[in-house]
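One structure is given here, and the rest of the page talks about it.
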Amino acid sequence: MKTLWQHCNVATMANGMYSIIEDAAIVTRDGYIEWIGSRQQLPTGEYGQTHGLEGAWVTPGLIDCHTHTVFGGNRSGEFEQRLQGVSYAEIAAAGGGIASTVRATRAASEEELFASARQRLLCLLRDGVTSVEIKSGYGLSLESERKILRVIRRLGAELPVTVRSTCLAAHALPPEYKDRADDYIEHICNEMLPALAAEGLVDAVDAFCEYLAFSPAQVERVFKVAQQLGLPVKLHAEQLSSLHGSSLAARYQALSADHLEFMTEEDAIAMAESGTVAVLLPGAFYFLRETQLPPMEALRKHGVKIAIASDLNPGTSPGLSLRLMLNMACTLFRMTPEEALAGVTQHAATALGMGETHGSLEPGKVADFVAWNIDRPADLAYWLGGDLDKRVVRNGVDVAL
Ligand code: DI6
Ligand code: FE
């Protein structure tokens, strides 16, 4: 059935550009965009349904390309400790940090993890998100990583959102492998990844490349296995120090390298050459009160695609609004509202390997869009969170939340 959507203005975000169509019309059919353009040029045709959008601004559905939505417990106590001056690294060294979330996640049932993650995911959806990436990484054993990945698959099946799952088994060292990081990497490579991939639970593989996590050499072993399994890779890189993980990611044609505050211009050149998207996470930068800014000029100069994501996680970015991240990307990283919007649409889609089907409003793409009751597209980066009046359409159908 053909559906006509009209009386709106559109920011198509094709190729990551603003590309405005005023007084636009969109024709959707079977969940895809069939035609989009100026209403005056609308081809005559029969429509099963016609929707008036009352002058709304239409953007692609927002895409949150980096989250850790599934976890047990919460770490607001550590937040208070950090406010007293204890550092993130000190808390981690004392057995808190990721390790404390791992304890809570292992102790939680699949049902409990689903229920708490569902609430958080609903916050993102109410903010205009139609696709999301969710990582495992708080289980760190075959059994508990499987539990998280199953919850991720179930979220995608039960909520009106397209979910990509990423296995982040190489997030931290589990207690049973204390001082045996290489043995844990071997377990990931020989046991965990092959089993979880075979069960169809993994769309991509990620790792945390950092002095307090895994070395580039250890990450490379994980990447090699991912490659053998036919899975694309991503990397947490250059968040707290410079290990050139982003260059390593580029060598493995990673979909994205994420965080990147400490990356160098050489890393940016490598990423530009491999088409690896730079995913910036202003929520984590803000929440950890970091001062080292990602090298925006180098990223722009070398044409690296820049995405923005929430990094929703209990330790460094308890961020429940992707639009708030747009504001932070502009205020903290000096991105323009146009760049920020591209970062949660076309470039975020590319960071998930779904740039051909999602992320912009063009014929042939999936009909995921949001009709916002706002005056200008920049308003999306202007308001600090809140529940903006909007209509969310996914696969050509209104989303009710
Ligand atoms: N970088 C982060 O910011 C999160 N994970 C990562 O690799 C932090 C995770 C946490 O503190 O729970
Ligand atoms: Fe993260």
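Here's how to read the names in the structure tokens: chain A, B, ... by the order shown, residue numbers from 1 in each chain, ligand numbers from 1 in the order shown.
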*Kindly provide, as a PyMOL selection string, all nucleotide and amino acid residues lying within 10 Å of ligand 1, counting only C-alpha atoms and all ligand atoms.*
chain A and resi 67-68+71+74-75+78+88-89+91-92+96-102+135+137-138+168+170-172+206-210+212-213+235-240+258-259+281+283-285+287-288+311-318
*Close residues, stretch 346-357 of chain A itself excluded, 9 Å, only C-alpha atoms, min 2 positions apart in chain, as a ChimeraX atom specification*: /A:13-17,60,62-66,131-133,164,204,232,234,254-257,276-279,305-309,341-344,359-360,364-366
Take the residues from that selection and put them in a file with N, CA and C atoms, as a compact mmCIF listing (two decimals), in the first residue's frame.
# COMPACT_ATOMS: atom_id res chain seq x y z
N MET A 13 19.35 14.59 5.00
CA MET A 13 20.64 14.07 5.51
C MET A 13 21.30 13.11 4.52
N ALA A 14 20.90 13.15 3.24
CA ALA A 14 21.55 12.31 2.22
C ALA A 14 23.03 12.66 2.19
N ASN A 15 23.88 11.65 2.19
CA ASN A 15 25.34 11.81 2.25
C ASN A 15 25.79 12.59 3.47
N GLY A 16 24.97 12.63 4.49
CA GLY A 16 25.34 13.35 5.70
C GLY A 16 25.21 14.87 5.58
N MET A 17 24.52 15.34 4.53
CA MET A 17 24.33 16.78 4.34
C MET A 17 22.92 17.18 4.77
N PRO A 60 15.51 11.98 9.37
CA PRO A 60 15.58 10.52 9.52
C PRO A 60 15.38 10.14 10.99
N LEU A 62 16.36 8.91 14.48
CA LEU A 62 17.70 9.04 15.06
C LEU A 62 18.30 7.65 15.33
N ILE A 63 19.61 7.58 15.20
CA ILE A 63 20.33 6.31 15.37
C ILE A 63 21.38 6.49 16.46
N ASP A 64 21.25 5.72 17.53
CA ASP A 64 22.23 5.76 18.62
C ASP A 64 23.19 4.59 18.38
N CYS A 65 24.39 4.89 17.87
CA CYS A 65 25.28 3.83 17.37
C CYS A 65 26.27 3.30 18.41
N HIS A 66 26.12 3.69 19.68
CA HIS A 66 27.05 3.17 20.71
C HIS A 66 26.35 3.25 22.07
N SER A 131 16.78 3.37 15.60
CA SER A 131 17.78 2.28 15.53
C SER A 131 18.80 2.49 16.63
N VAL A 132 19.27 1.40 17.18
CA VAL A 132 20.22 1.50 18.29
C VAL A 132 21.20 0.32 18.24
N GLU A 133 22.42 0.59 18.63
CA GLU A 133 23.40 -0.47 18.83
C GLU A 133 23.50 -0.72 20.32
N ARG A 164 21.07 -3.47 16.71
CA ARG A 164 22.29 -4.18 16.31
C ARG A 164 23.03 -4.60 17.57
N ALA A 204 28.45 -7.54 15.46
CA ALA A 204 29.77 -6.92 15.34
C ALA A 204 30.55 -7.21 16.62
N PRO A 232 32.10 -7.76 11.36
CA PRO A 232 32.79 -6.47 11.36
C PRO A 232 33.24 -6.10 12.77
N LYS A 234 34.67 -2.97 15.69
CA LYS A 234 34.61 -1.59 16.17
C LYS A 234 35.59 -1.52 17.33
N ALA A 254 37.59 -1.33 10.38
CA ALA A 254 36.54 -1.25 11.40
C ALA A 254 35.41 -0.35 10.94
N LEU A 255 34.20 -0.69 11.36
CA LEU A 255 33.06 0.20 11.07
C LEU A 255 33.29 1.54 11.75
N SER A 256 33.80 1.50 12.99
CA SER A 256 34.00 2.74 13.73
C SER A 256 35.11 2.57 14.75
N ALA A 257 35.69 3.71 15.15
CA ALA A 257 36.52 3.79 16.36
C ALA A 257 35.85 4.87 17.20
N THR A 276 36.57 4.37 8.22
CA THR A 276 36.13 4.07 9.59
C THR A 276 35.52 5.33 10.21
N VAL A 277 34.31 5.21 10.73
CA VAL A 277 33.60 6.37 11.28
C VAL A 277 34.16 6.70 12.67
N ALA A 278 34.33 7.99 12.95
CA ALA A 278 34.72 8.45 14.29
C ALA A 278 33.45 8.65 15.09
N VAL A 279 33.25 7.83 16.12
CA VAL A 279 32.07 7.99 16.98
C VAL A 279 32.49 8.77 18.22
N LYS A 305 34.25 10.70 8.69
CA LYS A 305 32.83 10.84 9.05
C LYS A 305 32.71 10.81 10.57
N ILE A 306 31.89 11.72 11.10
CA ILE A 306 31.78 11.83 12.56
C ILE A 306 30.35 11.49 12.99
N ALA A 307 30.24 10.51 13.88
CA ALA A 307 28.94 10.18 14.47
C ALA A 307 28.95 10.59 15.94
N ILE A 308 27.76 10.73 16.50
CA ILE A 308 27.58 11.08 17.91
C ILE A 308 26.70 10.00 18.54
N ALA A 309 27.05 9.55 19.73
CA ALA A 309 26.20 8.55 20.38
C ALA A 309 26.13 8.82 21.88
N LEU A 341 23.59 16.57 13.72
CA LEU A 341 22.45 15.81 13.21
C LEU A 341 22.92 14.72 12.24
N ALA A 342 23.90 15.04 11.40
CA ALA A 342 24.46 14.01 10.52
C ALA A 342 25.05 12.88 11.36
N GLY A 343 25.55 13.25 12.54
CA GLY A 343 26.20 12.27 13.42
C GLY A 343 25.25 11.30 14.09
N VAL A 344 23.96 11.62 14.11
CA VAL A 344 23.00 10.68 14.68
C VAL A 344 22.03 10.16 13.61
N GLY A 359 19.44 5.96 7.78
CA GLY A 359 20.24 7.15 8.07
C GLY A 359 19.92 8.38 7.25
N SER A 360 19.21 8.23 6.14
CA SER A 360 18.82 9.40 5.36
C SER A 360 17.47 9.12 4.70
N GLY A 364 14.22 4.28 -1.78
CA GLY A 364 14.86 2.98 -1.61
C GLY A 364 15.28 2.70 -0.18
N LYS A 365 15.33 3.76 0.64
CA LYS A 365 15.73 3.53 2.03
C LYS A 365 14.52 3.18 2.90
N VAL A 366 14.81 2.61 4.05
CA VAL A 366 13.77 2.25 5.00
C VAL A 366 13.06 3.53 5.48
DSSP on the backbone, strand (DSSP E or B) only: what residues of stretch 292-362 of chain A does that give? Format it as a PDB file with N, CA and C atoms, in the first residue's frame.
ATOM      1  N   ILE A 306      31.892  11.718  11.103  1.00  0.00           N
ATOM      2  CA  ILE A 306      31.776  11.833  12.557  1.00  0.00           C
ATOM      3  C   ILE A 306      30.354  11.490  12.995  1.00  0.00           C
ATOM      4  N   ALA A 307      30.242  10.510  13.875  1.00  0.00           N
ATOM      5  CA  ALA A 307      28.937  10.175  14.470  1.00  0.00           C
ATOM      6  C   ALA A 307      28.952  10.587  15.938  1.00  0.00           C
ATOM      7  N   ILE A 308      27.764  10.731  16.500  1.00  0.00           N
ATOM      8  CA  ILE A 308      27.585  11.081  17.913  1.00  0.00           C
ATOM      9  C   ILE A 308      26.700  10.003  18.535  1.00  0.00           C
ATOM     10  N   ASN A 313      25.670   4.025  29.565  1.00  0.00           N
ATOM     11  CA  ASN A 313      26.264   3.006  30.432  1.00  0.00           C
ATOM     12  C   ASN A 313      26.275   3.522  31.867  1.00  0.00           C
ATOM     13  N   SER A 317      28.528   7.349  31.380  1.00  0.00           N
ATOM     14  CA  SER A 317      27.577   8.149  30.609  1.00  0.00           C
ATOM     15  C   SER A 317      26.153   7.634  30.815  1.00  0.00           C
TER      16      SER A 317
END
*With only C-alpha atoms and all ligand atoms as the basis for distance, which of A:Gly45, A:Pro294, A:Gly31, A:Pro282 is at the shortest distance from ligand 2?*
A:Pro282
*Neighbour list for A:Ser38 as a list of chain:residue names, cut-off 10 Å, only C-alpha atoms, skip fewer than 6 positions in-chain*: A:Gln6, A:His7, A:Cys8, A:Asn9, A:Val10, A:Ile21, A:Glu22, A:Asp23, A:Ala24, A:Ala25, A:Ile26
Suppose we keep N, CA, C and O atoms; can you now write the selection as a compact mmCIF listing (two decimals), in the first residue's frame?
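New file part.txt:
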# COMPACT_ATOMS: atom_id res chain seq x y z
N GLN A 6 2.61 14.54 3.85
CA GLN A 6 2.85 15.85 3.25
C GLN A 6 2.63 16.98 4.26
O GLN A 6 2.33 16.75 5.41
N HIS A 7 2.82 18.22 3.74
CA HIS A 7 2.76 19.42 4.58
C HIS A 7 3.85 19.37 5.65
O HIS A 7 3.58 19.37 6.85
N CYS A 8 5.07 19.27 5.17
CA CYS A 8 6.21 19.21 6.08
C CYS A 8 7.44 19.78 5.37
O CYS A 8 7.42 20.00 4.16
N ASN A 9 8.49 20.04 6.13
CA ASN A 9 9.80 20.37 5.59
C ASN A 9 10.71 19.21 5.97
O ASN A 9 10.55 18.62 7.04
N VAL A 10 11.67 18.91 5.09
CA VAL A 10 12.50 17.74 5.33
C VAL A 10 13.99 18.11 5.33
O VAL A 10 14.42 18.89 4.49
N ILE A 21 14.35 20.19 1.99
CA ILE A 21 13.25 20.31 1.03
C ILE A 21 12.10 20.98 1.79
O ILE A 21 11.58 20.41 2.75
N GLU A 22 11.74 22.19 1.34
CA GLU A 22 10.60 22.85 1.98
C GLU A 22 9.31 22.42 1.31
O GLU A 22 9.30 22.06 0.15
N ASP A 23 8.22 22.48 2.04
CA ASP A 23 6.92 22.02 1.56
C ASP A 23 7.08 20.69 0.79
O ASP A 23 6.83 20.60 -0.40
N ALA A 24 7.53 19.69 1.53
CA ALA A 24 7.89 18.40 0.92
C ALA A 24 6.75 17.40 0.97
O ALA A 24 5.74 17.60 1.67
N ALA A 25 6.91 16.33 0.22
CA ALA A 25 6.02 15.17 0.31
C ALA A 25 6.89 13.92 0.31
O ALA A 25 7.96 13.91 -0.30
N ILE A 26 6.43 12.91 1.02
CA ILE A 26 7.13 11.62 1.08
C ILE A 26 6.12 10.54 0.74
O ILE A 26 5.01 10.52 1.28
_Selection: 9 Å around stretch 113-121 of chain A, only C-alpha atoms, excl. self and same-chain fewer than 6 positions, as a PyMOL selection string_ = chain A and resi 69-72+105+132+147-148+151-152+154-155+159+312+320
What does the file look like for those residues with all heavy atoms, as a compact mmCIF listing (two decimals), in the first residue's frame?
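The resulting file, out.txt, is shown below:
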# COMPACT_ATOMS: atom_id res chain seq x y z
N THR A 69 23.31 -0.58 26.92
CA THR A 69 22.02 -0.42 27.59
C THR A 69 21.71 -1.53 28.60
O THR A 69 20.95 -1.31 29.54
CB THR A 69 20.89 -0.37 26.51
OG1 THR A 69 21.24 0.64 25.56
CG2 THR A 69 19.54 -0.05 27.11
N VAL A 70 22.30 -2.72 28.39
CA VAL A 70 21.94 -3.87 29.23
C VAL A 70 22.97 -4.07 30.35
O VAL A 70 24.13 -4.40 30.08
CB VAL A 70 21.84 -5.16 28.39
CG1 VAL A 70 21.47 -6.35 29.27
CG2 VAL A 70 20.82 -4.99 27.27
N PHE A 71 22.55 -3.83 31.57
CA PHE A 71 23.45 -4.04 32.73
C PHE A 71 22.63 -4.16 34.00
O PHE A 71 21.49 -3.72 34.06
CB PHE A 71 24.46 -2.89 32.86
CG PHE A 71 23.85 -1.51 32.97
CD1 PHE A 71 23.42 -1.02 34.19
CD2 PHE A 71 23.69 -0.72 31.84
CE1 PHE A 71 22.85 0.25 34.29
CE2 PHE A 71 23.13 0.54 31.92
CZ PHE A 71 22.70 1.03 33.15
N GLY A 72 23.24 -4.73 35.02
CA GLY A 72 22.59 -4.82 36.32
C GLY A 72 23.08 -3.71 37.23
O GLY A 72 24.18 -3.17 37.05
N THR A 105 25.53 -7.62 37.09
CA THR A 105 24.94 -8.18 35.87
C THR A 105 24.94 -9.71 35.92
O THR A 105 23.98 -10.36 35.51
CB THR A 105 25.73 -7.68 34.64
OG1 THR A 105 25.74 -6.24 34.66
CG2 THR A 105 25.09 -8.15 33.34
N VAL A 132 19.27 1.40 17.18
CA VAL A 132 20.22 1.50 18.29
C VAL A 132 21.20 0.32 18.24
O VAL A 132 20.83 -0.77 17.82
CB VAL A 132 19.45 1.54 19.64
CG1 VAL A 132 18.76 0.21 19.92
CG2 VAL A 132 20.37 1.91 20.81
N LYS A 147 23.78 -14.35 28.05
CA LYS A 147 22.56 -13.84 28.70
C LYS A 147 22.28 -12.40 28.23
O LYS A 147 21.15 -12.06 27.87
CB LYS A 147 22.76 -13.89 30.22
CG LYS A 147 21.63 -13.37 31.05
CD LYS A 147 21.84 -13.67 32.56
CE LYS A 147 22.98 -12.87 33.17
NZ LYS A 147 23.10 -13.02 34.62
N ILE A 148 23.31 -11.56 28.21
CA ILE A 148 23.13 -10.17 27.79
C ILE A 148 22.74 -10.09 26.31
O ILE A 148 21.82 -9.36 25.93
CB ILE A 148 24.43 -9.37 28.01
CG1 ILE A 148 24.79 -9.34 29.50
CG2 ILE A 148 24.31 -7.95 27.46
CD1 ILE A 148 26.18 -8.80 29.79
N VAL A 151 19.22 -10.90 25.73
CA VAL A 151 18.36 -9.78 26.12
C VAL A 151 18.37 -8.72 25.00
O VAL A 151 17.32 -8.17 24.65
CB VAL A 151 18.85 -9.16 27.46
CG1 VAL A 151 18.16 -7.84 27.73
CG2 VAL A 151 18.59 -10.15 28.60
N ILE A 152 19.53 -8.49 24.42
CA ILE A 152 19.63 -7.50 23.33
C ILE A 152 18.74 -7.93 22.16
O ILE A 152 17.98 -7.13 21.60
CB ILE A 152 21.10 -7.32 22.88
CG1 ILE A 152 21.92 -6.70 24.03
CG2 ILE A 152 21.19 -6.46 21.63
CD1 ILE A 152 23.44 -6.65 23.78
N ARG A 154 16.16 -9.83 22.31
CA ARG A 154 14.74 -9.75 22.71
C ARG A 154 14.25 -8.30 22.70
O ARG A 154 13.10 -8.04 22.33
CB ARG A 154 14.58 -10.37 24.10
CG ARG A 154 13.15 -10.49 24.53
CD ARG A 154 13.01 -11.26 25.83
NE ARG A 154 11.74 -10.88 26.47
CZ ARG A 154 11.48 -10.98 27.76
NH1 ARG A 154 12.41 -11.45 28.58
NH2 ARG A 154 10.32 -10.59 28.25
N LEU A 155 15.11 -7.35 23.07
CA LEU A 155 14.71 -5.94 23.00
C LEU A 155 14.35 -5.57 21.57
O LEU A 155 13.36 -4.88 21.31
CB LEU A 155 15.86 -5.04 23.51
CG LEU A 155 16.14 -5.12 25.01
CD1 LEU A 155 17.50 -4.49 25.33
CD2 LEU A 155 15.03 -4.42 25.81
N LEU A 159 10.48 -4.39 21.03
CA LEU A 159 10.27 -2.93 21.01
C LEU A 159 10.37 -2.41 19.57
O LEU A 159 11.04 -3.02 18.73
CB LEU A 159 11.30 -2.23 21.89
CG LEU A 159 11.21 -2.49 23.40
CD1 LEU A 159 12.22 -1.66 24.15
CD2 LEU A 159 9.82 -2.21 23.93
N LEU A 312 25.34 5.23 26.42
CA LEU A 312 24.53 4.91 27.61
C LEU A 312 25.15 3.74 28.38
O LEU A 312 25.21 2.61 27.90
CB LEU A 312 23.10 4.57 27.16
CG LEU A 312 22.16 3.95 28.20
CD1 LEU A 312 22.10 4.77 29.48
CD2 LEU A 312 20.78 3.78 27.61
N LEU A 320 20.32 9.26 28.87
CA LEU A 320 19.07 8.67 28.37
C LEU A 320 18.45 9.49 27.24
O LEU A 320 17.33 9.23 26.85
CB LEU A 320 18.07 8.54 29.52
CG LEU A 320 18.51 7.59 30.64
CD1 LEU A 320 17.56 7.67 31.83
CD2 LEU A 320 18.60 6.16 30.14
*Could you tell me, as number ranges by chain, which residues of stretch 110-160 of chain A DSSP assigns to helix (DSSP H, G or I) when given the backbone?*
A: 110-126, 142-158
*Taking into account only C-alpha atoms, which residue in the set A:Ala169, A:Arg391, A:Leu149, A:Ala104 is nearest to A:Glu199?*
A:Leu149
*Could you pull the residues within 9 Å of A:Lys224, counting only C-alpha atoms, minus those fewer than 5 positions along the same chain, as a ChimeraX atom specification?*
/A:189,219,229,252
Take the residues from that selection and put them in a file with C-alpha atoms, as an mmCIF file, in the first residue's frame.
data_model
loop_
_atom_site.group_PDB
_atom_site.id
_atom_site.type_symbol
_atom_site.label_atom_id
_atom_site.label_comp_id
_atom_site.auth_asym_id
_atom_site.auth_seq_id
_atom_site.Cartn_x
_atom_site.Cartn_y
_atom_site.Cartn_z
ATOM 1 C CA CYS A 189 38.992 -16.023 20.697
ATOM 2 C CA VAL A 219 42.785 -6.379 20.559
ATOM 3 C CA LEU A 229 33.961 -15.365 11.634
ATOM 4 C CA TYR A 252 40.959 -3.958 10.103
#
*asked:* I need the residue nearest ligand 2 from this list: A:Ser321, A:His187, A:Ile134, A:Ala250. Use only C-alpha atoms and all ligand atoms for the distance.
replied: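 Answer, going by the shortest atom-to-atom distance: A:Ile134.
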*asked:* Measuring between only C-alpha atoms and all ligand atoms, which one of A:Thr291, A:Gln228, A:Ser136, A:Ser274 shows the shortest distance to ligand 2?
replied: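 Counting only C-alpha atoms and all ligand atoms, the residue closest to ligand 2 is A:Ser136.
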*Can you work out which one of A:Asp179, A:Val399, A:Thr166, A:Leu380 has the shortest atom-to-atom distance to ligand 2, counting only C-alpha atoms and all ligand atoms?*
A:Thr166
*Quick one: distance from atom CA of A:Leu83 to atom CA of A:Gly319 in Å, one decimal?*
17.7 Å
*One decimal, Å: what's the distance from atom CA of A:Arg126 over to atom CA of A:Arg323, could you say?*
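Result for atom CA of A:Arg126 versus atom CA of A:Arg323: 10.7 Å, one decimal.
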*Taking only C-alpha atoms and all ligand atoms into account, which of A:Val222, A:Asp389, A:Leu260, A:Tyr382 comes nearest ligand 2?*
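Answer, going by the shortest atom-to-atom distance: A:Leu260.
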